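Text of my_file_12.pdb (PDB, C-alpha atoms and all ligand atoms) as supplied:
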ATOM      1  CA  MET A1440       6.220   2.262 -17.390
ATOM      2  CA  PRO A1441       4.841   3.606 -14.106
ATOM      3  CA  GLN A1442       7.584   3.856 -11.474
ATOM      4  CA  HIS A1443       5.306   3.431  -8.469
ATOM      5  CA  ILE A1444       1.862   1.800  -8.466
ATOM      6  CA  GLY A1445      -0.643   1.905  -5.605
ATOM      7  CA  PHE A1446      -2.996  -1.065  -5.250
ATOM      8  CA  ILE A1447      -6.281  -0.874  -3.353
ATOM      9  CA  MET A1448      -6.878  -4.558  -2.661
ATOM     10  CA  ASP A1449     -10.661  -4.387  -2.691
ATOM     11  CA  GLY A1450     -13.356  -6.990  -3.187
ATOM     12  CA  ASN A1451     -12.107  -9.821  -0.971
ATOM     13  CA  GLY A1452     -15.379  -9.956   0.971
ATOM     14  CA  ARG A1453     -17.550 -10.083  -2.150
ATOM     15  CA  TRP A1454     -15.317 -12.739  -3.691
ATOM     16  CA  ALA A1455     -15.800 -14.949  -0.622
ATOM     17  CA  LYS A1456     -19.533 -14.242  -0.445
ATOM     18  CA  LYS A1457     -19.969 -15.397  -4.051
ATOM     19  CA  ARG A1458     -18.537 -18.720  -2.911
ATOM     20  CA  ALA A1459     -20.646 -18.824   0.268
ATOM     21  CA  MET A1460     -17.446 -18.643   2.299
ATOM     22  CA  PRO A1461     -16.476 -16.399   5.242
ATOM     23  CA  ARG A1462     -14.906 -13.039   4.426
ATOM     24  CA  ASN A1463     -11.537 -14.156   5.756
ATOM     25  CA  PHE A1464     -11.394 -16.767   3.009
ATOM     26  CA  GLY A1465     -11.380 -13.839   0.585
ATOM     27  CA  HIS A1466      -8.624 -12.068   2.527
ATOM     28  CA  LYS A1467      -6.526 -15.226   2.411
ATOM     29  CA  GLN A1468      -6.835 -15.385  -1.364
ATOM     30  CA  GLY A1469      -6.211 -11.624  -1.514
ATOM     31  CA  ALA A1470      -2.984 -12.007   0.427
ATOM     32  CA  SER A1471      -1.728 -14.596  -2.054
ATOM     33  CA  VAL A1472      -2.492 -12.191  -4.930
ATOM     34  CA  PHE A1473      -0.555  -9.483  -3.029
ATOM     35  CA  LYS A1474       2.527 -11.701  -3.098
ATOM     36  CA  LYS A1475       2.146 -12.565  -6.798
ATOM     37  CA  THR A1476       1.584  -8.918  -7.720
ATOM     38  CA  ILE A1477       4.945  -7.909  -6.241
ATOM     39  CA  ASN A1478       6.618 -10.399  -8.570
ATOM     40  CA  TRP A1479       4.594  -9.279 -11.612
ATOM     41  CA  CYS A1480       5.519  -5.647 -10.926
ATOM     42  CA  ARG A1481       9.191  -6.609 -10.798
ATOM     43  CA  GLU A1482       8.863  -8.568 -14.050
ATOM     44  CA  PHE A1483       7.348  -5.514 -15.769
ATOM     45  CA  GLY A1484      10.149  -3.271 -14.514
ATOM     46  CA  VAL A1485       8.050  -1.206 -12.085
ATOM     47  CA  ARG A1486      10.284   0.234  -9.311
ATOM     48  CA  ALA A1487       7.834   0.326  -6.392
ATOM     49  CA  ALA A1488       4.327  -0.689  -5.368
ATOM     50  CA  THR A1489       2.264   0.172  -2.307
ATOM     51  CA  PHE A1490      -0.597  -2.063  -1.173
ATOM     52  CA  TYR A1491      -3.523  -0.930   0.979
ATOM     53  CA  ALA A1492      -3.802  -3.839   3.404
ATOM     54  CA  PHE A1493      -5.459  -2.284   6.463
ATOM     55  CA  SER A1494      -6.824   1.208   6.913
ATOM     56  CA  THR A1495      -7.279   3.255  10.087
ATOM     57  CA  GLU A1496     -11.024   2.650   9.558
ATOM     58  CA  ASN A1497     -10.772  -1.143   9.177
ATOM     59  CA  TRP A1498     -10.689  -1.629  12.988
ATOM     60  CA  LYS A1499     -14.465  -1.021  12.822
ATOM     61  CA  ARG A1500     -14.920  -4.428  11.161
ATOM     62  CA  PRO A1501     -16.199  -7.389  13.201
ATOM     63  CA  GLU A1502     -13.626  -8.661  15.707
ATOM     64  CA  ASP A1503     -13.389 -12.007  13.926
ATOM     65  CA  GLU A1504     -12.483 -10.403  10.629
ATOM     66  CA  VAL A1505      -9.839  -8.110  12.196
ATOM     67  CA  LYS A1506      -8.350 -11.131  14.008
ATOM     68  CA  GLY A1507      -8.320 -13.087  10.742
ATOM     69  CA  ILE A1508      -6.434 -10.325   8.928
ATOM     70  CA  MET A1509      -3.917 -10.077  11.815
ATOM     71  CA  ASN A1510      -3.345 -13.826  11.658
ATOM     72  CA  LEU A1511      -2.842 -13.629   7.899
ATOM     73  CA  LEU A1512      -0.271 -10.951   8.502
ATOM     74  CA  ARG A1513       1.482 -13.223  11.018
ATOM     75  CA  GLN A1514       1.553 -16.017   8.438
ATOM     76  CA  TYR A1515       2.811 -13.705   5.696
ATOM     77  CA  ILE A1516       5.719 -12.387   7.717
ATOM     78  CA  LYS A1517       7.720 -15.451   6.653
ATOM     79  CA  ASP A1518       6.924 -14.886   2.964
ATOM     80  CA  ILE A1519       7.742 -11.219   3.297
ATOM     81  CA  ARG A1520      11.103 -12.098   4.846
ATOM     82  CA  ALA A1521      11.802 -14.472   1.939
ATOM     83  CA  MET A1522      10.973 -11.748  -0.609
ATOM     84  CA  ALA A1523      13.166  -9.292   1.297
ATOM     85  CA  LYS A1524      16.063 -11.692   0.697
ATOM     86  CA  GLU A1525      15.591 -11.101  -3.056
ATOM     87  CA  ASN A1526      16.700  -7.470  -2.826
ATOM     88  CA  VAL A1527      13.183  -6.175  -2.119
ATOM     89  CA  ARG A1528      12.898  -3.374   0.419
ATOM     90  CA  PHE A1529       9.761  -3.493   2.578
ATOM     91  CA  VAL A1530       8.328  -0.324   4.062
ATOM     92  CA  PHE A1531       5.272  -0.647   6.305
ATOM     93  CA  ILE A1532       3.449   2.636   6.232
ATOM     94  CA  GLY A1533       0.948   3.633   8.898
ATOM     95  CA  ASP A1534       0.802   3.723  12.681
ATOM     96  CA  LEU A1535       2.297   0.380  13.679
ATOM     97  CA  SER A1536       1.943   1.126  17.413
ATOM     98  CA  ALA A1537      -1.613  -0.260  17.283
ATOM     99  CA  PHE A1538      -0.445  -3.794  16.408
ATOM    100  CA  GLU A1539       0.287  -6.562  18.873
ATOM    101  CA  ASP A1540       3.917  -6.707  19.972
ATOM    102  CA  ASP A1541       4.857  -9.881  18.072
ATOM    103  CA  ILE A1542       3.656  -8.411  14.756
ATOM    104  CA  ARG A1543       5.117  -4.956  15.348
ATOM    105  CA  VAL A1544       8.563  -6.260  16.309
ATOM    106  CA  GLU A1545       8.730  -8.409  13.150
ATOM    107  CA  LEU A1546       7.568  -5.598  10.878
ATOM    108  CA  LEU A1547      10.105  -3.139  12.299
ATOM    109  CA  ASP A1548      12.849  -5.731  11.968
ATOM    110  CA  ILE A1549      11.957  -6.519   8.322
ATOM    111  CA  MET A1550      11.977  -2.790   7.533
ATOM    112  CA  ASP A1551      15.326  -2.358   9.179
ATOM    113  CA  THR A1552      17.039  -5.390   7.674
ATOM    114  CA  SER A1553      15.746  -4.695   4.147
ATOM    115  CA  LYS A1554      16.486  -0.969   4.080
ATOM    116  CA  GLU A1555      19.540  -1.278   1.828
ATOM    117  CA  ASN A1556      17.704  -3.439  -0.747
ATOM    118  CA  ASN A1557      17.362  -1.519  -3.963
ATOM    119  CA  GLU A1558      15.760  -3.614  -6.672
ATOM    120  CA  PHE A1559      12.178  -2.911  -5.671
ATOM    121  CA  ILE A1560      10.325  -1.112  -2.881
ATOM    122  CA  ALA A1561       7.195  -2.806  -1.567
ATOM    123  CA  GLY A1562       5.073  -0.543   0.594
ATOM    124  CA  VAL A1563       2.397  -2.146   2.740
ATOM    125  CA  ALA A1564      -0.139   0.230   4.277
ATOM    126  CA  LEU A1565      -1.148  -1.045   7.706
ATOM    127  CA  ASN A1566      -3.305   1.014  10.057
ATOM    128  CA  TYR A1567      -2.801   3.657   7.412
ATOM    129  CA  GLY A1568      -4.899   6.689   6.554
ATOM    130  CA  GLY A1569      -3.844   9.486   4.227
ATOM    131  CA  ARG A1570      -5.340  12.180   6.451
ATOM    132  CA  ALA A1571      -3.597  10.715   9.507
ATOM    133  CA  GLU A1572      -0.334  10.711   7.551
ATOM    134  CA  ILE A1573      -0.694  14.399   6.685
ATOM    135  CA  ALA A1574      -1.710  15.270  10.274
ATOM    136  CA  ASN A1575       1.380  13.410  11.441
ATOM    137  CA  CYS A1576       3.579  15.483   9.092
ATOM    138  CA  ALA A1577       1.955  18.703  10.346
ATOM    139  CA  ARG A1578       2.679  17.646  13.944
ATOM    140  CA  LYS A1579       6.333  16.860  13.188
ATOM    141  CA  LEU A1580       6.892  20.170  11.411
ATOM    142  CA  ALA A1581       5.045  22.096  14.156
ATOM    143  CA  GLU A1582       7.337  20.509  16.750
ATOM    144  CA  LYS A1583      10.348  21.747  14.772
ATOM    145  CA  CYS A1584       8.882  25.247  14.671
ATOM    146  CA  VAL A1585       8.318  25.207  18.436
ATOM    147  CA  SER A1586      11.891  24.062  19.068
ATOM    148  CA  GLY A1587      13.169  26.839  16.802
ATOM    149  CA  GLU A1588      14.659  24.445  14.207
ATOM    150  CA  LEU A1589      12.261  25.672  11.536
ATOM    151  CA  GLU A1590      10.351  28.846  10.677
ATOM    152  CA  PRO A1591       6.706  28.452   9.564
ATOM    153  CA  GLU A1592       7.406  30.409   6.363
ATOM    154  CA  ASP A1593      10.035  27.826   5.410
ATOM    155  CA  ILE A1594       7.470  25.002   5.225
ATOM    156  CA  THR A1595       7.262  23.940   1.592
ATOM    157  CA  GLU A1596       5.688  21.059  -0.314
ATOM    158  CA  GLU A1597       9.128  19.520  -0.553
ATOM    159  CA  LEU A1598       9.595  19.634   3.202
ATOM    160  CA  ILE A1599       6.237  17.890   3.671
ATOM    161  CA  GLU A1600       7.223  15.258   1.071
ATOM    162  CA  ASN A1601      10.315  14.604   3.148
ATOM    163  CA  VAL A1602       8.304  13.623   6.217
ATOM    164  CA  LEU A1603       5.743  11.437   4.411
ATOM    165  CA  TYR A1604       6.046   7.663   4.887
ATOM    166  CA  THR A1605       6.806   7.400   1.164
ATOM    167  CA  ARG A1606       9.734   9.865   1.259
ATOM    168  CA  GLU A1607      12.088   7.305  -0.265
ATOM    169  CA  PHE A1608       9.667   5.981  -2.898
ATOM    170  CA  PRO A1609       9.571   7.130  -6.518
ATOM    171  CA  PRO A1610       6.550   9.381  -7.298
ATOM    172  CA  LEU A1611       3.188   7.597  -7.316
ATOM    173  CA  ASP A1612       2.253   7.323 -11.008
ATOM    174  CA  LEU A1613      -0.714   4.999 -11.027
ATOM    175  CA  VAL A1614      -3.411   3.805  -8.616
ATOM    176  CA  ILE A1615      -5.230   0.582  -9.468
ATOM    177  CA  ARG A1616      -8.511  -0.173  -7.744
ATOM    178  CA  PRO A1617     -10.257  -3.396  -8.632
ATOM    179  CA  SER A1618     -13.766  -4.406  -7.533
ATOM    180  CA  GLY A1619     -15.712  -1.710  -9.373
ATOM    181  CA  GLU A1620     -15.514   0.973  -6.655
ATOM    182  CA  GLN A1621     -14.239   4.328  -7.861
ATOM    183  CA  ARG A1622     -12.744   6.181  -4.925
ATOM    184  CA  LEU A1623      -9.449   6.665  -3.136
ATOM    185  CA  SER A1624     -10.682   5.739   0.385
ATOM    186  CA  ASN A1625      -8.011   7.812   2.176
ATOM    187  CA  PHE A1626      -5.157   5.966   0.407
ATOM    188  CA  LEU A1627      -2.006   7.999  -0.406
ATOM    189  CA  ILE A1628      -4.090  11.143  -0.828
ATOM    190  CA  TRP A1629      -1.116  13.531  -0.925
ATOM    191  CA  GLN A1630       0.938  11.279  -3.199
ATOM    192  CA  ALA A1631      -1.937  10.691  -5.644
ATOM    193  CA  ALA A1632      -2.264  14.399  -6.530
ATOM    194  CA  TYR A1633      -1.092  13.726 -10.105
ATOM    195  CA  ALA A1634      -1.420   9.955 -10.279
ATOM    196  CA  GLU A1635      -3.471   8.270 -12.992
ATOM    197  CA  PHE A1636      -6.331   6.028 -11.856
ATOM    198  CA  VAL A1637      -7.390   2.737 -13.344
ATOM    199  CA  PHE A1638     -10.572   1.238 -11.927
ATOM    200  CA  MET A1639     -11.291  -2.369 -12.830
ATOM    201  CA  ASP A1640     -14.296  -4.619 -12.419
ATOM    202  CA  VAL A1641     -12.325  -7.674 -11.337
ATOM    203  CA  LEU A1642     -12.401  -8.521  -7.599
ATOM    204  CA  TRP A1643      -8.934  -8.397  -5.992
ATOM    205  CA  PRO A1644      -8.665 -12.182  -5.363
ATOM    206  CA  ASP A1645      -9.222 -12.702  -9.118
ATOM    207  CA  PHE A1646      -6.644 -10.065 -10.145
ATOM    208  CA  LYS A1647      -4.201 -11.574 -12.659
ATOM    209  CA  LYS A1648      -0.986 -10.610 -14.388
ATOM    210  CA  LYS A1649      -3.003  -9.750 -17.521
ATOM    211  CA  ASP A1650      -5.061  -7.262 -15.480
ATOM    212  CA  LEU A1651      -1.866  -5.540 -14.339
ATOM    213  CA  GLU A1652      -0.646  -5.506 -17.933
ATOM    214  CA  HIS A1653      -3.954  -3.977 -19.046
ATOM    215  CA  ALA A1654      -3.692  -1.221 -16.386
ATOM    216  CA  ILE A1655      -0.083  -0.452 -17.359
ATOM    217  CA  LYS A1656      -1.082  -0.217 -21.050
ATOM    218  CA  GLU A1657      -3.950   2.086 -20.122
ATOM    219  CA  PHE A1658      -1.472   4.241 -18.147
ATOM    220  CA  ALA A1659       0.947   4.344 -21.084
ATOM    221  CA  GLY A1660      -1.818   5.685 -23.324
ATOM    222  CA  ARG A1661      -2.709   8.564 -20.999
ATOM    223  CA  SER A1662      -1.455  12.087 -21.625
ATOM    224  CA  ARG A1663       0.003  13.458 -18.379
ATOM    225  CA  ARG A1664       0.350  17.222 -18.369
ATOM    226  CA  PHE A1665       0.778  17.898 -14.619
ATOM    227  CA  GLY A1666      -1.214  21.096 -14.989
ATOM    228  CA  GLY A1667       0.707  22.224 -18.085
ATOM    229  CA  VAL A1668      -0.497  22.065 -21.699
TER     230      VAL A1668
HETATM  231  C1  LIG A1701     -10.753  -4.928   1.111
HETATM  232  O1  LIG A1701     -11.710  -5.849   0.664
HETATM  233  C2  LIG A1701      -9.654  -5.638   1.755
HETATM  234  C3  LIG A1701      -9.203  -5.417   3.025
HETATM  235  C4  LIG A1701      -9.775  -4.402   3.913
HETATM  236  C5  LIG A1701      -8.107  -6.226   3.588
HETATM  237  C6  LIG A1701      -6.990  -6.527   2.646
HETATM  238  C7  LIG A1701      -6.140  -7.537   3.263
HETATM  239  C8  LIG A1701      -5.467  -8.507   2.624
HETATM  240  C9  LIG A1701      -5.440  -8.648   1.150
HETATM  241  C10 LIG A1701      -4.736  -9.524   3.381
HETATM  242  C11 LIG A1701      -3.686  -9.047   4.319
HETATM  243  C12 LIG A1701      -2.522  -8.479   3.654
HETATM  244  C13 LIG A1701      -1.265  -8.921   3.767
HETATM  245  C14 LIG A1701      -0.187  -8.032   3.255
HETATM  246  C15 LIG A1701      -0.872 -10.205   4.351
HETATM  247  P1  LIG A1701     -13.134  -5.879   1.357
HETATM  248  O2  LIG A1701     -13.070  -6.775   2.513
HETATM  249  O3  LIG A1701     -13.553  -4.466   1.679
HETATM  250  O4  LIG A1701     -14.027  -6.488   0.238
HETATM  251  P2  LIG A1701     -15.564  -6.142  -0.049
HETATM  252  O5  LIG A1701     -15.596  -4.701  -0.473
HETATM  253  O6  LIG A1701     -15.909  -7.084  -1.146
HETATM  254  O7  LIG A1701     -16.315  -6.407   1.217
END

Translate this structure into structure tokens?
Amino acid sequence: MPQHIGFIMDGNGRWAKKRAMPRNFGHKQGASVFKKTINWCREFGVRAATFYAFSTENWKRPEDEVKGIMNLLRQYIKDIRAMAKENVRFVFIGDLSAFEDDIRVELLDIMDTSKENNEFIAGVALNYGGRAEIANCARKLAEKCVSGELEPEDITEELIENVLYTREFPPLDLVIRPSGEQRLSNFLIWQAAYAEFVFMDVLWPDFKKKDLEHAIKEFAGRSRRFGGV
């Protein structure tokens, strides 16, 4: 069983287009699949899942679409709070300073009030980019070197791991990308160094429990050698 799964929630736009509906209709359906997937992961005994909800590049989308996603997030805050009451810890990864105050305050509060929950960790990547995350770590460690707290030669992989957003998550074992695209798109690029990838043709709004089961079975059949033999 993978301990930590990353989900790239792709294909919402195409799903809506197939139905001659606006893209935000697809995001709405995608958000409901996000919620169901957390429950399926818990049922399968997965310990953590991180969902790519909004990348640092997604601000380039039309204003209407960005607004729609922000409003979805506002609506989902209630659901997220309800899930947090079921011993789920929520960690929002990414630069939250870019969000409007009402959203940011809620997200920070949910993170804070759920931090002792230990049944499942749900990561939600918002204004997240893997390169930005690594640059952020480099900045933090450089500041420590300047203040004399740290020597450059003492910087190790472990030290970097300890400043990543995912420092309290189990290792990322599996990345699932639906929608037929086969790339990482700047998602958890450090963490995915030894992850397995499962690419699926289903569009995210159509993603079902059986698709998750299929990806987990595929993972279980892989031989992971981590560079060994
Ligand atoms: C990618 O599909 C999806 C996104 C960029 C947004 C994902 C957002 C949600 C699922 C809803 C918000 C999340 C929460 C947690 C409430 P796409 O639009 O790139 O699809 P396409 O490739 O078919 O155009």

*Measuring atom to atom with all atoms listed in the file, identify which of A:Arg1462, A:Arg1486, A:Lys1647, A:Lys1475 is nearest to Arg1500 of chain A.*
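When distances to Arg1500 of chain A are compared using all atoms listed in the file, the smallest one comes from A:Arg1462.
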
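Using all atoms listed in the file, the protein and nucleic acid residues lying no more than 10 Å from segment 1544-1553 of chain A, apart from those fewer than 4 places from it along its own chain, are A:Leu1512, A:Arg1513, A:Ile1516, A:Lys1517, A:Ile1519, A:Arg1520, A:Met1522, A:Ala1523, A:Lys1524, A:Glu1525, A:Asn1526, A:Val1527, A:Arg1528, A:Phe1529, A:Val1530, A:Phe1531, A:Leu1535, A:Ser1536, A:Phe1538, A:Glu1539, A:Asp1540, A:Asn1557, A:Ile1560.
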
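Minimum atom-to-atom distances from A:Ala1571, A:Val1637, A:Met1448, A:Leu1580 to Phe1473 of chain A were compared using all atoms listed in the file, and the lowest value belongs to A:Met1448.
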
*asked:* Could you tell me how far atom O4 of ligand LIG 1701 (chain A) sits from atom CA of Asp1449 of chain A, in Å to one decimal place?
replied: 4.9 Å

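Take the candidates A:Met1460, A:Met1440, A:Ile1615, A:Leu1511 and check each one against ligand LIG 1701 (chain A) using all atoms listed in the file; the shortest distance goes to A:Leu1511.
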